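Engineer: Mind looking over this structure? Questions follow.
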Number of protein chains: 4
Amino acid sequence: MSSDTASGRNDVADWWRTSIIDMEPGRIAFRGTEIQDLIGKVSFPEMIWRMTRTDIPTPGQTRLLEAALVAAVDHGPQAPSIATARMAVTCGLPLNNAMASAVNTLGDVHGGAGEQAVELYAHVESYDGPVSAALDAWIAARGKIIPGFGHRFHKPVDPRAPRLLALVEEARQQGACDGCHAAIATAIEAELADRKGTPVPMNIDGATAVIFAELGFAAPLARGIFCLSRSVGILAHAWEQMQQGGRNKGPTPPAYRWTYDGD
Amino acid sequence: MSSDTASGRNDVADWWRTSIIDMEPGRIAFRGTEIQDLIGKVSFPEMIWRMTRTDIPTPGQTRLLEAALVAAVDHGPQAPSIATARMAVTCGLPLNNAMASAVNTLGDVHGGAGEQAVELYAHVESYDGPVSAALDAWIAARGKIIPGFGHRFHKPVDPRAPRLLALVEEARQQGACDGCHAAIATAIEAELADRKGTPVPMNIDGATAVIFAELGFAAPLARGIFCLSRSVGILAHAWEQMQQGGRNKGPTPPAYRWTYDGD
Amino acid sequence: MSSDTASGRNDVADWWRTSIIDMEPGRIAFRGTEIQDLIGKVSFPEMIWRMTRTDIPTPGQTRLLEAALVAAVDHGPQAPSIATARMAVTCGLPLNNAMASAVNTLGDVHGGAGEQAVELYAHVESYDGPVSAALDAWIAARGKIIPGFGHRFHKPVDPRAPRLLALVEEARQQGACDGCHAAIATAIEAELADRKGTPVPMNIDGATAVIFAELGFAAPLARGIFCLSRSVGILAHAWEQMQQGGRNKGPTPPAYRWTYDGD
Amino acid sequence: MSSDTASGRNDVADWWRTSIIDMEPGRIAFRGTEIQDLIGKVSFPEMIWRMTRTDIPTPGQTRLLEAALVAAVDHGPQAPSIATARMAVTCGLPLNNAMASAVNTLGDVHGGAGEQAVELYAHVESYDGPVSAALDAWIAARGKIIPGFGHRFHKPVDPRAPRLLALVEEARQQGACDGCHAAIATAIEAELADRKGTPVPMNIDGATAVIFAELGFAAPLARGIFCLSRSVGILAHAWEQMQQGGRNKGPTPPAYRWTYDGD
């Protein structure tokens, strides 16, 4: 990047700054490594790590990240994100636009639960007192919904959570992480079951948040990487819908109209 | 899924149909495989394949798909998709919304080039005549822009293309693909250089389209999978911008206003 | 806008050019009129006209545009656009993001029908032959779906169409338009009824397209202005859903799961 | 809407409820009024009011709402929302998708300022103490950025604010509103000028928030209605860009590359 204050060039070039990518004609480098030294040499999950962070993962770390990416790809056509993608395709949208409308819905309630769970674990970790008191403080500040725990459908167990935690434990034994956030999440799960008198199982957001926290990802990246993962299911369903056809397909069958509850 | 015509249940359940995912409380299966048998066992690229297709890839096929996914993650903050993501963050958007605005822009011109290149290769493959005539027919029907070839910045060579083609050749030698579309793309490149008297290098879209075509992906999935790949760069830049800060950051520095060309 | 090639200022300022808006500190002008001379003086529909065109409408023209804007605001929570907005809100999205996901779905099939109907009228207008032959030529080139005609729900009549056409006729009598495109649309409607042996009523897209064509709007603006109109219903439903509450609300009630049709 | 528990119909129909729109074949009614009695009879701003609220506005109220709608349509191609729309079009997006990507960016920082200003006025109104103390309490709770005041470009005055306030005063004299929130906003402006020793002029968000608060709109609707207004400028610029052409147009001219600040 040449610098020439007299020509006014510098302030324009400086308006957008990045340490992710450097480029000249015929050359592309990501965080200092040429693209041709990455293609065919690093895995896609490792590339995700290198792009969103400044360090390089160990194989054990990559393996954990990959598990989180695989686990969250889809939850079926009644998840609002997937339903949005399928309806969008029937409105004539190409895949990129259908994916955008759908990824957009991965907001505070849907895609944000993982981010909030990472925050919850950090809160419990730094709280001076037992898990029970930490949880009370969290509820007082953030409300009664505990992000990452409980599932309205998967009862008593979300099948993704124990499998992910088993991989975290394996990784811990191999030194890829210290298991501290897994322990916190398990303690929260036990405390919640105790309070409710019934299991409040860790869900996909709670389990992947353990992985993100163990790997040192900042909380917002739990949401961001979930978006990468769920984009796969969104794409798959959008594409399946494109093959099924349909035009302007609404949420419920046409024979069932909505309820008008006005005067 | 129970079926009970008398209760009206069936027509509602049938409104959304999928062969991607089956679910009961405590059970999630993708195309017949339980989620706990996928997590930690299949790679993220293999999961992308399984979700968007009905077959299961060989390791060689997965390796090619992974190369395409790694190659296209980012092209810097002056690509409109990346610029959109960075500006969106300065408007106060969380990562999912910033990603959505950006993925949305991967339209016919940006993200659609790979899809069109797959179509171009299929056109040349099925055309009864030499590449030169096939190209003329394409131009007559679709216009003079040849998708997948030429780059306004990377001259004379887009560094991603030869590396990807080398991997395709490796895969061909190992029987993972037959190299037919790589040959077509190379022939198009030669023909274009011949016509212009200067190299019109295969670009990232042309090279990844070779991989998608070799692997038997339908053309629209070239766009869809590009969206998955570029989402990584979009996320990385959105997150970097979030850390940099800035509020309502426009495209150019504030000191440079736009040109008003009205009366 | 000052011009100073030596400082490199010009090429940056020229990168974004517009004849819509001019600005200096303390001054904003739209197509030559200061903002303070517009606020409280021109109606919102007139402002829409002035922004998207280079001329200024007569009161009769504005009245027609306003009718089209009012007519298309909403078609209920089972329209995919509205359903998307409502689901998005239950995912925790603020109104701007919910609106975006929904407006995004106003694609070729949904929001594009008006644009295509304007093109259809222009095609019939310039076609050298009777409406019947013009229609055949259209079908040969563009397929059997005639944009702007037929409604799967409103049978025999879409109540918006006759009301809009009555206003066009009124406007014609008052000299605000020449009625040429209304005549074309009516002739198409008659021809289609003749062919099918049953009414194929002009729908909202066909009727508003008459207005856009009568007023001289380019076809893509039929889609664009429809987006402005439908944004009102999208906003209204998103806001109502926000007040109703709900979290991650899917398209159908949870008791009705989708149909899995895989192996 | 028929009700038939035996057929399972009711719970499906009840899943989406609204008091905005009722519909049968051939009939559409908004909050109890048939669509044909609205088209050509109520203005577009009145329709916006009727859709987002449950009451019907007086002409004076509609006039104020219309002024707010007209005032905020656009702030030029360097506003991130407008830049996003223009870049999106050069990526090959139709107008609906370009509008969606752009409206999406009207988030907490950009489109949310009006919403926050309505909240600020409500806070000051209900605060037991002088404006100065109310402002201190706001800053303690919400941070030092005062929504609706100050403009980095329009100094010393945002030309839209005094014009809008003059219309509010006019409306107050005619009994369309009580002027209470205008008084609060003016007091905040004076207090801020006093604190900084220089004018911190009310901006477009602060002035339209006065109108929304005077008219009794809930705070989130300040953001929602701003989205309707700004959609006009977004559409106008997207359409202008479509006419200008350009492919994959980035934020700054290609000759100015970004600054790489990595190692």
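Just so we're on the same page: first chain in the structure tokens is A, next is B, and so on; residues restart at 1 for each chain, and ligands are numbered from 1 in the order they show up.
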Would you mind listing, as a PyMOL selection string, all residues of chain C that have at least one atom within 7 Å of chain D, where only C-alpha atoms are what counts?
Structural biologist: chain C and resi 12+15-16+21+25-27+35-36+39-40+43-44+47-48+51-52+66-67+69-71+76-77+95-97+100-101+103-104+106-107+153-160+163+224+227-228+231-233+235-236+252-253
Engineer: From the DSSP assignment of the backbone, select every residue of stretch 27-141 of chain C that is strand (DSSP E), and format the answer as a list in words.
Structural biologist: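 These are the residues in question: Arg27, Ile28, Ala29, Phe30, Thr33 and Glu34 of chain C.
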Engineer: When DSSP is applied to the backbone of this structure, which of stretch 75-251 of chain C are assigned helix (DSSP H, G or I)? Write them out as a ChimeraX atom specification.
Structural biologist: /C:80-90,95-104,112-126,131-142,160-173,180-196,204-214,219-244
Engineer: What lies within 12 Å of stretch 193-196 of chain D using only C-alpha atoms, ignoring chain neighbours under 2 positions off, as a PyMOL selection string?
Structural biologist: chain D and resi 132+135-136+149-150+156+186-191+198-202
Engineer: Rank nothing, just name the residue among A:Asn10, A:Gln116, A:Asn248, A:Thr58 nearest to A:Gly175, using only C-alpha atoms.
Structural biologist: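 Ranked by minimum distance to A:Gly175, first place goes to A:Thr58.
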Engineer: With only C-alpha atoms as the counted atoms, please give the residues lying no more than 10 Å from C:Ala137, apart from itself and same-chain residues fewer than 6 positions off, as a VMD selection string.
Structural biologist: chain C and resid 123 to 124 127 131 143
Engineer: Near D:Pro147, counting only C-alpha atoms, which residues have an atom at most 9 Å away, once you skip same-chain residues fewer than 3 positions from it, shown as a PyMOL selection string?
Structural biologist: chain D and resi 112-118+120+150+203+205-206
Engineer: Export, as a CSV table (one decimal), in the first residue's frame, the selected residues with C-alpha atoms.
Structural biologist:
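Writing done, so here's result_17.csv:
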```csv
chain,number,residue,atom,x,y,z
D,112,GLY,CA,-32.7,3.3,16.4
D,113,ALA,CA,-31.8,6.9,17.4
D,114,GLY,CA,-35.4,8.0,16.9
D,115,GLU,CA,-36.7,5.1,19.0
D,116,GLN,CA,-34.2,6.0,21.7
D,117,ALA,CA,-35.1,9.7,21.5
D,118,VAL,CA,-38.8,8.8,22.1
D,120,LEU,CA,-35.5,9.8,26.3
D,150,GLY,CA,-25.9,16.6,17.6
D,203,ASN,CA,-31.2,16.3,14.5
D,205,ASP,CA,-34.1,11.7,14.8
D,206,GLY,CA,-34.7,14.1,17.6
```
Engineer: What separation in Å, quoted to one decimal, exists between atom CA of A:Arg247 and atom CA of C:Ile211?
Structural biologist: 24.9 Å
Engineer: Would you mind telling me which residue in A:Ala122, A:Gly246, A:Gly262, A:Ala183 lies nearest to A:Cys91 when using only C-alpha atoms?
Structural biologist: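 Nearest to A:Cys91: A:Gly246.
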